[in-house]
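Report on the structure given below.
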2 protein chains.
Amino acid sequence: MTVSQLAKGIKAGKRRPLAKGITLVESSHPSDQEQAAQLLTHLAEDRDTIRIGVSGVPGVGKSTFIEAFGNHLIAEGHRVAVLAVDPSSPTTGGSILGDKTRMETLSSREEAFIRPSPTSGTLGGVAKRTRETMLLCEAGGYDVILVETVGVGQSEFEVSSMVDCFMMLMLPGAGDGLQGIKRGIMEITDVMVINKADGDQEKLALQAKSEYEHAFHFLQTRLPDIPVRFHAVSALKNKGITEVWSSILQFIDALKQQGFFNEQRMSQNLSWFKRLAEDALIEELWRGEHNREMAEQLKKGIINNEILPSVAAKKMVSIIKKADSN
Amino acid sequence: MTVSQLAKGIKAGKRRPLAKGITLVESSHPSDQEQAAQLLTHLAEDRDTIRIGVSGVPGVGKSTFIEAFGNHLIAEGHRVAVLAVDPSSPTTGGSILGDKTRMETLSSREEAFIRPSPTSGTLGGVAKRTRETMLLCEAGGYDVILVETVGVGQSEFEVSSMVDCFMMLMLPGAGDGLQGIKRGIMEITDVMVINKADGDQEKLALQAKSEYEHAFHFLQTRLPDIPVRFHAVSALKNKGITEVWSSILQFIDALKQQGFFNEQRMSQNLSWFKRLAEDALIEELWRGEHNREMAEQLKKGIINNEILPSVAAKKMVSIIKKADSN
């Protein structure tokens with residue numbers, strides 16, 4: 001299948017070409033990467049989509065929430081793609097989010113596309129694929145993209161830098177205001193959902209909701225003119241899901257009215273460009289036999305106290321500078 | 001004055017050449033940098049020194065502590081250099097640590113060398129100078145180096161990556177165990193000093209000390225086999241200073257006995273080499289008329305949706321790759 005055939009298939013909303021395209025995007029083989037770039041260029045086009053980040057610690061009920069939320073979106077006429085940014089490292093083995101038995105009813109729907117997360121690679125690497133996978137899904141007609149992650153390491157910040165709206169799922173009964181929230185999370189949260197507001201925990205969830213609402217009053221949130229929204233929901237009992245979705249729509253509307261929507265996507269693209277270029281260049285520095293030998297020699301010199309780190313660094317960089325002046 | 005004359009003067013323990021050398025190291029002018037590298041190479045030599053990081057929030061009494069601590073070290077026959085890593089940004093103006101009226105008795109001592117911190121530059125830049133300034137001071141016969149910083153941003157982590165032992169100053173009456181400690185600080189702390197254990201606050205300080213001791217029991221500290229040490233002191237009344245110093249000496253001894261002392265300095269040097277090389281290379285990428293024009297063009301393309309960030313990044317990096325194959 002040629003790249004343009006693949007592009008055609010994806011645009012026609014077919015699942016097989018979409019899956020194939022994603023495999024291409026995820027491949028690290030240079031010729032696949034070349035094809036992936038061509039494919040993405042073929043598909044580049046402004047589309048009216050909403051990108052939502054969904055985060056929360058393990059046990060908060062992300063899968064159950066996404067299942068309920070996704071089915072609601074489909075009932076409203078949307079097509080939904082669920083992607084994952086999984087910070088699990090290759091060394092710990094296996095992905096945190098890769099469980100295939102999750103989201104059973106949603107995954108059986110024609111209007112949903114769920115991509116299990118890659119089980120290896122660096123966070124940056126995985127996130128890179130996620131961004132491009134998102135573009136492919138949008139080209140395939142999925143107009144709401146949910147990017148899911150667990151609250152480990154930098155993964156929420158990674159996700160928040162690729163979505164329009166960041167949703168944080170919380171457990172009821174965190175109790176002590178913002179103590180339970182990881183540093184920096186408040187500054188990226190647009191919608192906060194306290195899940196498991198059912199049975200014994202309903203009261204606790206409502207209490208947590210008003211505590212968070214109160215605590216956020218004193219915080220500088222991401223967008224000064226657009227308040228953070230709070231919801232207590234029961235994903236299990238399908239309660240409060242409608243309200244979350246209309247809250248997100250209101251948020252997106254406010255973003256658009258204030259001109260932030262496009263601005264945000266643009267600045268996300270620009271920082272992404274910068275980071276990809278810098279990452280690729282750094283990779284270049286330590287790659288290749290010549291560079292690696294040079295690095296090893298310099299490191300030996302540093303260990304034996306024969307060369308200073310700063311002098312060694314200048315020599316290392318001069319490999320590329322020298323090539324420049326040839 | 002030639003570089004070798006400068007090196008001779010520094011080795012002879014003279015203050016003027018040392019100050020001159022530091023100015024050279026701090027300069028961003030290429031020819032100064034060249035000379036600084038030569039100077040540092042001249043002075044490179046294994047020396048028996050102790051590098052101690054001292055951190056704590058504003059108001060914890062860092063200056064008073066360093067004054068008392070420094071004078072004690074001098075009484076014990078040491079020569080002490082005090083350097084600062086100051087995270088204050090050029091935009092907020094002025095340095096947090098640059099106050100010249102601090103440490104009056106210490107700064108009048110022949111055996112002490114206090115370098116006010118540079119008032120501008122990025123954290124990385126300042127820290128770079130601090131590392132090299134440290135080497136110059138060691139060459140000048142200062143055998144205990146205190147690197148001081150406030151608890152802002154990443155500055156403590158920066159400092160902990162250039163010292164043998166990291167000391168954290170705390171206020172009494174933090175009260176609720178580890179709640180008041182910034183995330184990650186526990187993992188870099190080797191010695192914790194609760195200051196202001198005098199007057200009304202003495203009891204509070206002792207209480208805080210035992211609370212921290214208790215809380216640290218449950219934590220993974222930096223070195224599994226070398227326990228963190230805790231002290232309640234009054235820098236103002238000169239109480240407990242001797243104990244802090246012997247604690248540090250014990251800590252350093254333990255490091256050496258377990259072979260970690262040299263290993264730590266070596267791995268600090270290797271990561272520093274890596275970071276300097278990567279920083280310099282990235283700087284190179286966005287510098288120069290040709291590269292800047294290219295970047296501007298690509299950014300315009302991204303904004304106008306004509307080119308994908310990933311494709312633009314590849315093009316940006318190819319500037320350097322292309323130069324490589326010439």
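Letters for chains follow the order of the structure tokens (A, B, ...), residue numbers begin at 1 for each chain, and ligand numbers begin at 1 in the order shown.
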Strand (DSSP E or B) residues, from DSSP on the backbone, in range 78-306 of chain B, as an NGL selection string: :B and (80-85 or 112-114 or 144-150 or 165-170 or 191-194 or 229-232 or 234 or 239)
For the selection just defined, write its residues with N, CA and C atoms to a file, as a JSON list (two decimals), in the first residue's frame.
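Contents of again.json, as written:
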```json
[["chain", "number", "residue", "atom", "x", "y", "z"],
["B", 80, "VAL", "N", 38.37, 28.58, 54.51],
["B", 80, "VAL", "CA", 36.98, 28.38, 54.07],
["B", 80, "VAL", "C", 36.59, 29.33, 52.93],
["B", 81, "ALA", "N", 36.04, 28.78, 51.89],
["B", 81, "ALA", "CA", 35.47, 29.62, 50.83],
["B", 81, "ALA", "C", 33.96, 29.48, 50.84],
["B", 82, "VAL", "N", 33.26, 30.60, 50.73],
["B", 82, "VAL", "CA", 31.80, 30.59, 50.69],
["B", 82, "VAL", "C", 31.34, 31.08, 49.32],
["B", 83, "LEU", "N", 30.68, 30.22, 48.58],
["B", 83, "LEU", "CA", 30.17, 30.59, 47.26],
["B", 83, "LEU", "C", 28.65, 30.49, 47.28],
["B", 84, "ALA", "N", 28.03, 31.13, 46.32],
["B", 84, "ALA", "CA", 26.56, 31.10, 46.32],
["B", 84, "ALA", "C", 26.02, 30.70, 44.96],
["B", 85, "VAL", "N", 25.03, 29.85, 44.96],
["B", 85, "VAL", "CA", 24.26, 29.58, 43.75],
["B", 85, "VAL", "C", 22.92, 30.27, 43.94],
["B", 112, "ALA", "N", 39.23, 33.23, 55.26],
["B", 112, "ALA", "CA", 37.94, 33.04, 54.59],
["B", 112, "ALA", "C", 37.91, 33.79, 53.27],
["B", 113, "PHE", "N", 37.25, 33.21, 52.30],
["B", 113, "PHE", "CA", 37.08, 33.88, 51.02],
["B", 113, "PHE", "C", 35.59, 33.82, 50.67],
["B", 114, "ILE", "N", 34.95, 34.99, 50.64],
["B", 114, "ILE", "CA", 33.51, 35.01, 50.37],
["B", 114, "ILE", "C", 33.28, 35.67, 49.03],
["B", 144, "VAL", "N", 37.84, 23.85, 52.73],
["B", 144, "VAL", "CA", 36.41, 23.60, 52.93],
["B", 144, "VAL", "C", 35.64, 24.62, 52.10],
["B", 145, "ILE", "N", 34.80, 24.12, 51.21],
["B", 145, "ILE", "CA", 34.02, 25.00, 50.34],
["B", 145, "ILE", "C", 32.56, 24.90, 50.77],
["B", 146, "LEU", "N", 31.97, 26.03, 51.09],
["B", 146, "LEU", "CA", 30.54, 26.04, 51.39],
["B", 146, "LEU", "C", 29.81, 26.64, 50.20],
["B", 147, "VAL", "N", 28.91, 25.87, 49.63],
["B", 147, "VAL", "CA", 28.11, 26.40, 48.52],
["B", 147, "VAL", "C", 26.70, 26.62, 49.05],
["B", 148, "GLU", "N", 26.32, 27.89, 49.05],
["B", 148, "GLU", "CA", 25.08, 28.30, 49.70],
["B", 148, "GLU", "C", 23.98, 28.52, 48.66],
["B", 149, "THR", "N", 22.76, 28.14, 48.99],
["B", 149, "THR", "CA", 21.65, 28.49, 48.09],
["B", 149, "THR", "C", 20.35, 28.62, 48.87],
["B", 150, "VAL", "N", 19.39, 29.32, 48.31],
["B", 150, "VAL", "CA", 18.06, 29.39, 48.91],
["B", 150, "VAL", "C", 17.20, 28.30, 48.30],
["B", 165, "CYS", "N", 28.61, 16.75, 50.45],
["B", 165, "CYS", "CA", 27.68, 16.61, 51.57],
["B", 165, "CYS", "C", 26.67, 17.76, 51.51],
["B", 166, "PHE", "N", 25.40, 17.43, 51.61],
["B", 166, "PHE", "CA", 24.38, 18.47, 51.49],
["B", 166, "PHE", "C", 23.69, 18.70, 52.84],
["B", 167, "MET", "N", 23.75, 19.93, 53.30],
["B", 167, "MET", "CA", 23.20, 20.28, 54.61],
["B", 167, "MET", "C", 21.95, 21.13, 54.41],
["B", 168, "MET", "N", 20.88, 20.75, 55.10],
["B", 168, "MET", "CA", 19.62, 21.47, 54.96],
["B", 168, "MET", "C", 19.33, 22.19, 56.28],
["B", 169, "LEU", "N", 19.17, 23.50, 56.21],
["B", 169, "LEU", "CA", 18.80, 24.27, 57.41],
["B", 169, "LEU", "C", 17.29, 24.40, 57.49],
["B", 170, "MET", "N", 16.74, 24.14, 58.68],
["B", 170, "MET", "CA", 15.29, 24.21, 58.85],
["B", 170, "MET", "C", 14.95, 25.14, 60.01],
["B", 191, "VAL", "N", 22.78, 16.04, 56.02],
["B", 191, "VAL", "CA", 22.77, 16.55, 57.39],
["B", 191, "VAL", "C", 21.64, 17.57, 57.50],
["B", 192, "MET", "N", 20.79, 17.41, 58.51],
["B", 192, "MET", "CA", 19.72, 18.37, 58.69],
["B", 192, "MET", "C", 19.95, 19.16, 59.97],
["B", 193, "VAL", "N", 19.91, 20.49, 59.83],
["B", 193, "VAL", "CA", 20.18, 21.36, 60.97],
["B", 193, "VAL", "C", 18.94, 22.20, 61.25],
["B", 194, "ILE", "N", 18.37, 22.03, 62.43],
["B", 194, "ILE", "CA", 17.27, 22.90, 62.82],
["B", 194, "ILE", "C", 17.90, 24.08, 63.56],
["B", 229, "ARG", "N", 22.05, 12.73, 59.43],
["B", 229, "ARG", "CA", 22.30, 13.22, 60.79],
["B", 229, "ARG", "C", 21.45, 14.46, 61.07],
["B", 230, "PHE", "N", 21.03, 14.62, 62.31],
["B", 230, "PHE", "CA", 20.13, 15.72, 62.70],
["B", 230, "PHE", "C", 20.73, 16.52, 63.84],
["B", 231, "HIS", "N", 20.60, 17.83, 63.76],
["B", 231, "HIS", "CA", 21.10, 18.69, 64.83],
["B", 231, "HIS", "C", 20.16, 19.84, 65.07],
["B", 232, "ALA", "N", 19.96, 20.17, 66.35],
["B", 232, "ALA", "CA", 19.30, 21.43, 66.69],
["B", 232, "ALA", "C", 20.40, 22.38, 67.15],
["B", 234, "SER", "N", 21.91, 26.67, 67.67],
["B", 234, "SER", "CA", 21.66, 28.10, 67.66],
["B", 234, "SER", "C", 22.89, 28.79, 67.07],
["B", 239, "LYS", "N", 25.78, 27.73, 69.49],
["B", 239, "LYS", "CA", 25.54, 26.46, 70.20],
["B", 239, "LYS", "C", 25.27, 25.32, 69.21]]
```
Which chain B residues are at most 6 Å from chain A (counting only C-alpha atoms), as a PDB file with all heavy atoms, in the first residue's frame?
```pdb
ATOM      1  N   MET B 266      33.514  11.743  40.855  1.00  0.00           N
ATOM      2  CA  MET B 266      33.712  11.323  39.482  1.00  0.00           C
ATOM      3  C   MET B 266      32.398  11.345  38.707  1.00  0.00           C
ATOM      4  O   MET B 266      32.326  11.859  37.597  1.00  0.00           O
ATOM      5  CB  MET B 266      34.250   9.899  39.502  1.00  0.00           C
ATOM      6  CG  MET B 266      35.366   9.664  38.543  1.00  0.00           C
ATOM      7  SD  MET B 266      36.085   8.082  38.964  1.00  0.00           S
ATOM      8  CE  MET B 266      37.380   8.610  40.086  1.00  0.00           C
ATOM      9  N   ASN B 269      31.328  14.760  37.944  1.00  0.00           N
ATOM     10  CA  ASN B 269      32.079  15.311  36.816  1.00  0.00           C
ATOM     11  C   ASN B 269      31.572  14.786  35.482  1.00  0.00           C
ATOM     12  O   ASN B 269      31.474  15.540  34.513  1.00  0.00           O
ATOM     13  CB  ASN B 269      33.570  14.973  36.951  1.00  0.00           C
ATOM     14  CG  ASN B 269      34.273  15.936  37.882  1.00  0.00           C
ATOM     15  OD1 ASN B 269      33.792  17.034  38.140  1.00  0.00           O
ATOM     16  ND2 ASN B 269      35.411  15.537  38.405  1.00  0.00           N
ATOM     17  N   PHE B 273      29.956  17.000  32.550  1.00  0.00           N
ATOM     18  CA  PHE B 273      30.492  16.966  31.177  1.00  0.00           C
ATOM     19  C   PHE B 273      29.355  16.781  30.169  1.00  0.00           C
ATOM     20  O   PHE B 273      29.220  17.534  29.201  1.00  0.00           O
ATOM     21  CB  PHE B 273      31.520  15.828  31.065  1.00  0.00           C
ATOM     22  CG  PHE B 273      31.728  15.279  29.681  1.00  0.00           C
ATOM     23  CD1 PHE B 273      32.289  16.071  28.676  1.00  0.00           C
ATOM     24  CD2 PHE B 273      31.390  13.966  29.366  1.00  0.00           C
ATOM     25  CE1 PHE B 273      32.493  15.566  27.399  1.00  0.00           C
ATOM     26  CE2 PHE B 273      31.576  13.454  28.096  1.00  0.00           C
ATOM     27  CZ  PHE B 273      32.132  14.254  27.109  1.00  0.00           C
ATOM     28  N   LEU B 276      27.068  19.926  30.061  1.00  0.00           N
ATOM     29  CA  LEU B 276      27.708  21.070  29.408  1.00  0.00           C
ATOM     30  C   LEU B 276      27.759  20.874  27.896  1.00  0.00           C
ATOM     31  O   LEU B 276      27.491  21.807  27.136  1.00  0.00           O
ATOM     32  CB  LEU B 276      29.141  21.248  29.928  1.00  0.00           C
ATOM     33  CG  LEU B 276      29.341  21.934  31.258  1.00  0.00           C
ATOM     34  CD1 LEU B 276      30.826  21.962  31.592  1.00  0.00           C
ATOM     35  CD2 LEU B 276      28.795  23.353  31.231  1.00  0.00           C
ATOM     36  N   ALA B 277      28.113  19.656  27.478  1.00  0.00           N
ATOM     37  CA  ALA B 277      28.202  19.394  26.038  1.00  0.00           C
ATOM     38  C   ALA B 277      26.828  19.566  25.390  1.00  0.00           C
ATOM     39  O   ALA B 277      26.703  20.219  24.356  1.00  0.00           O
ATOM     40  CB  ALA B 277      28.751  17.983  25.792  1.00  0.00           C
ATOM     41  N   ILE B 303       3.097  27.556  12.267  1.00  0.00           N
ATOM     42  CA  ILE B 303       1.958  28.396  12.622  1.00  0.00           C
ATOM     43  C   ILE B 303       0.900  28.386  11.516  1.00  0.00           C
ATOM     44  O   ILE B 303      -0.296  28.331  11.783  1.00  0.00           O
ATOM     45  CB  ILE B 303       2.428  29.839  12.938  1.00  0.00           C
ATOM     46  CG1 ILE B 303       3.191  29.838  14.266  1.00  0.00           C
ATOM     47  CG2 ILE B 303       1.266  30.812  12.970  1.00  0.00           C
ATOM     48  CD1 ILE B 303       3.908  31.129  14.580  1.00  0.00           C
ATOM     49  N   PRO B 309       5.409  19.860  13.159  1.00  0.00           N
ATOM     50  CA  PRO B 309       6.535  20.080  14.066  1.00  0.00           C
ATOM     51  C   PRO B 309       7.638  19.031  13.908  1.00  0.00           C
ATOM     52  O   PRO B 309       8.821  19.367  13.896  1.00  0.00           O
ATOM     53  CB  PRO B 309       5.892  19.983  15.449  1.00  0.00           C
ATOM     54  CG  PRO B 309       4.484  20.396  15.240  1.00  0.00           C
ATOM     55  CD  PRO B 309       4.121  19.920  13.869  1.00  0.00           C
ATOM     56  N   ALA B 313      11.366  19.836  12.752  1.00  0.00           N
ATOM     57  CA  ALA B 313      12.489  19.516  13.637  1.00  0.00           C
ATOM     58  C   ALA B 313      13.578  18.780  12.869  1.00  0.00           C
ATOM     59  O   ALA B 313      14.769  19.069  13.012  1.00  0.00           O
ATOM     60  CB  ALA B 313      12.012  18.676  14.819  1.00  0.00           C
ATOM     61  N   VAL B 317      17.456  20.115  12.383  1.00  0.00           N
ATOM     62  CA  VAL B 317      18.638  19.348  12.768  1.00  0.00           C
ATOM     63  C   VAL B 317      19.520  19.047  11.559  1.00  0.00           C
ATOM     64  O   VAL B 317      20.741  18.958  11.680  1.00  0.00           O
ATOM     65  CB  VAL B 317      18.226  18.042  13.487  1.00  0.00           C
ATOM     66  CG1 VAL B 317      19.419  17.160  13.745  1.00  0.00           C
ATOM     67  CG2 VAL B 317      17.537  18.375  14.795  1.00  0.00           C
ATOM     68  N   ALA B 323      26.085  19.697   7.382  1.00  0.00           N
ATOM     69  CA  ALA B 323      27.434  20.210   7.559  1.00  0.00           C
ATOM     70  C   ALA B 323      28.385  19.045   7.832  1.00  0.00           C
ATOM     71  O   ALA B 323      29.527  19.033   7.403  1.00  0.00           O
ATOM     72  CB  ALA B 323      27.465  21.199   8.717  1.00  0.00           C
ATOM     73  N   ASP B 324      27.862  18.030   8.494  1.00  0.00           N
ATOM     74  CA  ASP B 324      28.653  16.871   8.881  1.00  0.00           C
ATOM     75  C   ASP B 324      29.136  16.080   7.673  1.00  0.00           C
ATOM     76  O   ASP B 324      30.236  15.550   7.661  1.00  0.00           O
ATOM     77  CB  ASP B 324      27.764  15.972   9.753  1.00  0.00           C
ATOM     78  CG  ASP B 324      28.592  15.085  10.639  1.00  0.00           C
ATOM     79  OD1 ASP B 324      29.736  15.464  10.926  1.00  0.00           O
ATOM     80  OD2 ASP B 324      28.087  14.031  11.035  1.00  0.00           O
TER      81      ASP B 324
END
```
Report the distance between CA of Leu136 in chain B and CA of Ser108 in chain B in Å, rounded to one decimal place. 20.2 Å
From range 78-284 of chain A, collect each residue whose DSSP state is alpha helix (DSSP H) and return the set as a ChimeraX atom specification. /A:104-107,123-139,155-160,202-216,241-257,260-284
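With CA of Ile52 in chain B on one side and CA of Lys203 in chain B on the other, the separation reads 27.6 Å.
Interatomic distance, CA of Gln5 in chain B against CA of Tyr142 in chain B: 19.2 Å.
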Would you list the contacts of Ala254 in chain A as a list in words, taking every protein, DNA or RNA residue within 12 Å and counting only C-alpha atoms, but skipping same-chain residues closer than 6 positions in sequence? Asp164, Cys165, Asp190, Leu223, Pro224, Asp225, Ile226, Pro227, Val228, Ser247, Ile248, Phe260 and Phe261 of chain A
